[in-house]
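Asker: I am attaching a structure below and will ask some questions about it afterwards.
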Amino acid sequence: MTNEMKAAVTYGKQNLKIERVPVPEIKDNEVLIKVKACGICGTDPHIYNGHFPAPMPLIQGHEFAGEVVKVGSNVTSVAVGDRVTADINISCGNCYYCRTGQKLFCENITQLGVHVNGAFAEYVKAPENNVYILPEGMSWEEGAYIEPLACVIRGQERANVSMGDTVAIIGAGPMGLAHALMAKLNGATKVIISEMNQARLQKARDLGIDVVIDASETDPVQEVLNQTGGRGADVVFEVVGAIPTYQQALNLVRKGGTLVAYGAAPADQAMQIKPFDIFSKELTIVGSYAGTYGTWVKAIELI
């Protein structure tokens with residue numbers, strides 16, 4: 001193995017270059033992974049377009065799987081040759097949030113591909129405690145999908161989707177479709193998905209989603225009301241990450257329902273909201289930022 005590797009380096013807004021950079025040097029508790037597959041998360045274009053805060057320069061990429069090629073002197077649970085993926089959320093373990101079981105809010109949190117260099121490269125490093133060995137027979141592509149599925153599971157847990165629920169999802173991209181399938185697994189009676197992209201709409205139909213709304217032709221709010229006796233959905237997932245669809249989500253959820261902020265809206269944008277509506281409708285609004293807290297194990301088992 002040489003001391004250099006090819007990587008996609010983001011230097012700033014819409015400024016990404018393919019370059020040769022040093023291979024990461026690992027510490028005693030880290031492993032070096034040769035990347036075999038890496039997905040493009042919806043967060044990655046946000047970083048590239050300057051809408052998601054991240055340090056620069058940065059090697060993005062956090063949905064990955066690969067082969068261990070080197071381990072630190074203190075590593076015992078992972079060996080060279082293992083097929084692995086890694087939880088991207090690296091926490092300190094010592095701050096208030098870590099010690100209360102909320103590692104995503106760690107005061108020293110770093111995320112692979114978001115705060116520190118990730119897997120848009122030939123090699124990536126990760127702490128031993130974050131590494132998961134892939135089950136026998138799992139493909140590299142399936143291994144790279146563990147991270148996004150873990151995020152979906154986390155969102156479903158935050159939403160508390162349960163038997164008999166009607167669930168509305170705005171956005172039929174990979175995450176929206178995964179939420180639709182997971183909602184059915186959790187017992188939802190009816191899943192409604194709204195989208196404008198024709199290829200994604202067809203994918204939703206192919207997957208057997210109960211109600212597929214072409215938002216370019218039909219008003220999603222009116223259709224959800226029609227499907228629910230005028231009430232609105234029990235649970236609404238916003239999976240687009242845009243202000244207009246977040247506004248729409250508030251109109252889709254029924255009184256006493258739950259709205260899940262899942263899509264990563266631009267960090268510098270704001271929206272108007274009526275606090276009286278939250279108060280009078282007793283709405284539950286929850287965020288879902290990333291997958292962790294055991295969701296990686298569940299994702300592996302589901303795949």
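We name chains A, B, ... following the order of the structure tokens; residues begin at 1 in each chain, and ligands are numbered from 1 as shown.
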Can you pull out every residue within 10 Å of Trp140 of chain A, counting only C-alpha atoms, but drop anything in the same chain fewer than 2 positions away, and send it as a ChimeraX atom specification?
Answerer: /A:35-38,64-67,83-85,134,137-138,142-145
Asker: For the selection just defined, write its residues with N, CA and C atoms to a file, as a PDB file, in the first residue's frame.
Answerer:
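Output contents, as saved in selection_36.pdb:
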ATOM      1  N   VAL A  35     -12.025   1.437   1.131  1.00  0.00           N
ATOM      2  CA  VAL A  35     -13.423   1.648   0.765  1.00  0.00           C
ATOM      3  C   VAL A  35     -13.770   0.821  -0.474  1.00  0.00           C
ATOM      4  N   LYS A  36     -14.847   0.041  -0.357  1.00  0.00           N
ATOM      5  CA  LYS A  36     -15.321  -0.773  -1.475  1.00  0.00           C
ATOM      6  C   LYS A  36     -16.610  -0.214  -2.082  1.00  0.00           C
ATOM      7  N   ALA A  37     -17.400   0.488  -1.290  1.00  0.00           N
ATOM      8  CA  ALA A  37     -18.635   1.100  -1.776  1.00  0.00           C
ATOM      9  C   ALA A  37     -18.971   2.285  -0.885  1.00  0.00           C
ATOM     10  N   CYS A  38     -19.486   3.360  -1.492  1.00  0.00           N
ATOM     11  CA  CYS A  38     -19.881   4.532  -0.704  1.00  0.00           C
ATOM     12  C   CYS A  38     -21.060   5.207  -1.383  1.00  0.00           C
ATOM     13  N   PHE A  64     -20.725   3.920   3.856  1.00  0.00           N
ATOM     14  CA  PHE A  64     -19.673   3.144   3.204  1.00  0.00           C
ATOM     15  C   PHE A  64     -19.506   1.753   3.808  1.00  0.00           C
ATOM     16  N   ALA A  65     -18.821   0.923   3.051  1.00  0.00           N
ATOM     17  CA  ALA A  65     -18.382  -0.388   3.530  1.00  0.00           C
ATOM     18  C   ALA A  65     -17.037  -0.682   2.888  1.00  0.00           C
ATOM     19  N   GLY A  66     -16.238  -1.488   3.557  1.00  0.00           N
ATOM     20  CA  GLY A  66     -14.928  -1.792   3.002  1.00  0.00           C
ATOM     21  C   GLY A  66     -14.204  -2.863   3.788  1.00  0.00           C
ATOM     22  N   GLU A  67     -12.952  -3.053   3.437  1.00  0.00           N
ATOM     23  CA  GLU A  67     -12.122  -4.108   4.036  1.00  0.00           C
ATOM     24  C   GLU A  67     -11.046  -3.501   4.918  1.00  0.00           C
ATOM     25  N   ARG A  83     -14.536  -7.596   6.710  1.00  0.00           N
ATOM     26  CA  ARG A  83     -15.423  -6.769   5.911  1.00  0.00           C
ATOM     27  C   ARG A  83     -16.286  -5.967   6.876  1.00  0.00           C
ATOM     28  N   VAL A  84     -16.271  -4.636   6.768  1.00  0.00           N
ATOM     29  CA  VAL A  84     -16.861  -3.811   7.822  1.00  0.00           C
ATOM     30  C   VAL A  84     -17.572  -2.574   7.267  1.00  0.00           C
ATOM     31  N   THR A  85     -18.314  -1.949   8.161  1.00  0.00           N
ATOM     32  CA  THR A  85     -18.783  -0.583   7.997  1.00  0.00           C
ATOM     33  C   THR A  85     -18.536   0.112   9.329  1.00  0.00           C
ATOM     34  N   LEU A 134     -19.466  -6.932   8.852  1.00  0.00           N
ATOM     35  CA  LEU A 134     -20.603  -7.288   8.018  1.00  0.00           C
ATOM     36  C   LEU A 134     -20.900  -8.783   8.121  1.00  0.00           C
ATOM     37  N   GLY A 137     -22.003 -12.973   3.485  1.00  0.00           N
ATOM     38  CA  GLY A 137     -22.932 -12.919   2.368  1.00  0.00           C
ATOM     39  C   GLY A 137     -23.490 -11.537   2.078  1.00  0.00           C
ATOM     40  N   MET A 138     -23.287 -10.570   2.976  1.00  0.00           N
ATOM     41  CA  MET A 138     -23.761  -9.211   2.726  1.00  0.00           C
ATOM     42  C   MET A 138     -22.841  -8.531   1.722  1.00  0.00           C
ATOM     43  N   GLU A 142     -24.878  -3.398   0.099  1.00  0.00           N
ATOM     44  CA  GLU A 142     -25.770  -3.556   1.253  1.00  0.00           C
ATOM     45  C   GLU A 142     -25.097  -3.032   2.517  1.00  0.00           C
ATOM     46  N   GLY A 143     -23.797  -3.273   2.628  1.00  0.00           N
ATOM     47  CA  GLY A 143     -23.064  -2.766   3.780  1.00  0.00           C
ATOM     48  C   GLY A 143     -23.058  -1.255   3.835  1.00  0.00           C
ATOM     49  N   ALA A 144     -22.971  -0.619   2.660  1.00  0.00           N
ATOM     50  CA  ALA A 144     -22.988   0.841   2.611  1.00  0.00           C
ATOM     51  C   ALA A 144     -24.370   1.399   2.954  1.00  0.00           C
ATOM     52  N   TYR A 145     -25.393   0.554   2.852  1.00  0.00           N
ATOM     53  CA  TYR A 145     -26.753   1.007   3.141  1.00  0.00           C
ATOM     54  C   TYR A 145     -27.103   0.895   4.626  1.00  0.00           C
TER      55      TYR A 145
END
Asker: Can you tell me which residues surround segment 7-10 of chain A at a distance of at most 9 Å, considering only C-alpha atoms, apart from same-chain residues fewer than 6 positions away, and format the answer as a PyMOL selection string?
Answerer: chain A and resi 16-21+47-48+56-60+117+119-123
Asker: Give the answer as one residue: which of A:Ile213, A:Val239, A:Ala168, A:Val69 has the shortest atom-to-atom distance to Gly155 of chain A, using only C-alpha atoms?
Answerer: A:Val239
Asker: Let me make sure I understand: among A:Phe276, A:Tyr289, A:Tyr132, A:Phe237, which one has the smallest atom-to-atom distance to Ala159 of chain A if we use only C-alpha atoms?
Answerer: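 Looking at the shortest contact to Ala159 of chain A, the residue is A:Phe237.
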Asker: If you run DSSP on this backbone, which residues of segment 56-202 of chain A come out as strand (DSSP E or B), and could you give them as a PyMOL selection string?
Answerer: chain A and resi 58-59+63-71+83-86+89-90+110-112+116+121+123-127+131-133+166-170+190-195
Asker: Just want the 8 Å neighbourhood of Gly256 of chain A, counted on only C-alpha atoms, with same-chain residues fewer than 4 positions away dropped. Output as a PyMOL selection string.
Answerer: chain A and resi 234+281-284
Asker: Using C-alpha atoms, can you write the selected residues to a file as a PDB file, in the first residue's frame?
Answerer:
ATOM      1  CA  ASP A 234     -51.368  10.415  12.500  1.00  0.00           C
ATOM      2  CA  LYS A 281     -53.761  20.916  18.242  1.00  0.00           C
ATOM      3  CA  GLU A 282     -51.434  19.386  20.848  1.00  0.00           C
ATOM      4  CA  LEU A 283     -48.957  18.567  18.103  1.00  0.00           C
ATOM      5  CA  THR A 284     -45.828  16.581  18.791  1.00  0.00           C
TER       6      THR A 284
END
Asker: From the set A:Val235, A:Leu201, A:Gln102, A:Pro148, which residue has the shortest atom-to-atom contact distance to Gly164 of chain A, counting only C-alpha atoms?
Answerer: A:Val235
Asker: As number ranges by chain, which residues of segment 99-298 of chain A does DSSP assign to helix (DSSP H, G or I)?
Answerer: A: 99, 103-105, 128-130, 140-144, 146-159, 174-185, 198-206, 220-227, 243-252, 275-281, 295-298
Asker: Gly229 of chain A: which residues within 12 Å, counting only C-alpha atoms, same-chain residues fewer than 6 positions away excluded, as a ChimeraX atom specification?
Answerer: /A:166,222-223,254
Asker: I need the residues from that last selection saved to file as a CSV table (one decimal), in the first residue's frame (with all heavy atoms), if you can.
Answerer:
chain,number,residue,atom,x,y,z
A,166,THR,N,-52.1,6.0,10.3
A,166,THR,CA,-51.9,6.4,8.9
A,166,THR,C,-50.7,7.4,8.9
A,166,THR,O,-50.6,8.3,9.6
A,166,THR,CB,-53.2,7.2,8.4
A,166,THR,OG1,-54.3,6.3,8.4
A,166,THR,CG2,-52.9,7.9,7.1
A,222,GLN,N,-54.9,18.2,0.4
A,222,GLN,CA,-56.3,17.8,0.1
A,222,GLN,C,-56.4,16.3,0.0
A,222,GLN,O,-57.4,15.7,0.5
A,222,GLN,CB,-56.8,18.5,-1.1
A,222,GLN,CG,-58.3,18.3,-1.3
A,222,GLN,CD,-59.1,18.8,-0.2
A,222,GLN,OE1,-59.0,19.9,0.3
A,222,GLN,NE2,-60.0,17.9,0.4
A,223,GLU,N,-55.4,15.7,-0.7
A,223,GLU,CA,-55.5,14.2,-0.9
A,223,GLU,C,-55.4,13.5,0.5
A,223,GLU,O,-56.1,12.5,0.7
A,223,GLU,CB,-54.5,13.8,-1.8
A,223,GLU,CG,-54.5,12.3,-2.2
A,223,GLU,CD,-55.9,11.8,-2.8
A,223,GLU,OE1,-56.6,12.7,-3.4
A,223,GLU,OE2,-56.2,10.7,-2.6
A,254,ARG,N,-52.6,15.5,11.7
A,254,ARG,CA,-53.9,15.7,12.4
A,254,ARG,C,-53.7,16.3,13.8
A,254,ARG,O,-52.6,16.4,14.3
A,254,ARG,CB,-54.6,14.3,12.5
A,254,ARG,CG,-54.0,13.4,13.5
A,254,ARG,CD,-54.9,12.3,13.9
A,254,ARG,NE,-54.3,11.2,14.7
A,254,ARG,CZ,-54.2,11.3,16.0
A,254,ARG,NH1,-54.6,12.4,16.7
A,254,ARG,NH2,-53.6,10.3,16.7
Asker: Between A:Thr189, A:Thr292, A:Ala261, A:Ala172, single out the one closest to Gln202 of chain A, counting only C-alpha atoms.
Answerer: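 Answer, going by the shortest atom-to-atom distance: A:Ala172.
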Asker: Quick one: pull the distance between atom CA of Ala79 of chain A and atom CA of Lys27 of chain A, Å, one decimal.
Answerer: 14.9 Å
Asker: Smallest atom-to-atom distance to Ser288 of chain A: which of A:Ala264, A:Ile193, A:Met1, A:Met163, using only C-alpha atoms?
Answerer: A:Ala264
Asker: Rank nothing, just name the residue among A:Gln227, A:Thr43, A:Thr2, A:Gln272 nearest to Ile243 of chain A, using only C-alpha atoms.
Answerer: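 Checking each of A:Gln227, A:Thr43, A:Thr2, A:Gln272 against Ile243 of chain A, counting only C-alpha atoms, the winner is A:Gln272.
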Asker: Taking 3 positions as the minimum chain separation for residues in the same chain, which residues sit within 6 Å of Val68 of chain A when counting only C-alpha atoms? Answer as a list in words.
Answerer: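 Result of the neighbour search: Leu32, Ile33, Val80, Gly81 and Asp82 of chain A.
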Asker: What lies within 6 Å of segment 297-300 of chain A using only C-alpha atoms, ignoring chain neighbours under 5 positions off, as a PDB file with N, CA, C and O atoms, in the first residue's frame?
Answerer:
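Okay, this is what ended up in part_25.pdb:
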ATOM      1  N   ILE A 146     -26.235   0.313   5.433  1.00  0.00           N
ATOM      2  CA  ILE A 146     -26.507   0.183   6.862  1.00  0.00           C
ATOM      3  C   ILE A 146     -26.680   1.548   7.509  1.00  0.00           C
ATOM      4  O   ILE A 146     -27.606   1.766   8.299  1.00  0.00           O
ATOM      5  N   LEU A 149     -30.082   3.252   6.588  1.00  0.00           N
ATOM      6  CA  LEU A 149     -31.190   2.514   7.192  1.00  0.00           C
ATOM      7  C   LEU A 149     -31.222   2.725   8.705  1.00  0.00           C
ATOM      8  O   LEU A 149     -32.297   2.838   9.300  1.00  0.00           O
ATOM      9  N   ALA A 150     -30.053   2.812   9.323  1.00  0.00           N
ATOM     10  CA  ALA A 150     -29.999   3.113  10.758  1.00  0.00           C
ATOM     11  C   ALA A 150     -30.645   4.467  11.047  1.00  0.00           C
ATOM     12  O   ALA A 150     -31.337   4.641  12.061  1.00  0.00           O
TER      13      ALA A 150
END
Asker: Would you compute the distance between atom CA of Gly171 of chain A and atom CA of Glu195 of chain A? Give it in Å to one decimal.
Answerer: 5.1 Å
Asker: With only C-alpha atoms as the counted atoms, please give the residues lying no more than 9 Å from Leu181 of chain A, apart from itself and same-chain residues fewer than 3 positions off, as a list in words.
Answerer: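 Residues near the query, excluding close chain neighbours: Gly176, Leu177, Ala178, Lys184, Leu185, Asn186, Val191, Leu207 and Ile209 of chain A.
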Asker: Report, in Å to a single decimal, how far apart atom CA of Cys92 of chain A and atom CA of Asn108 of chain A are.
Answerer: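 So the two atoms, atom CA of Asn108 of chain A and atom CA of Cys92 of chain A, lie 6.1 Å apart.
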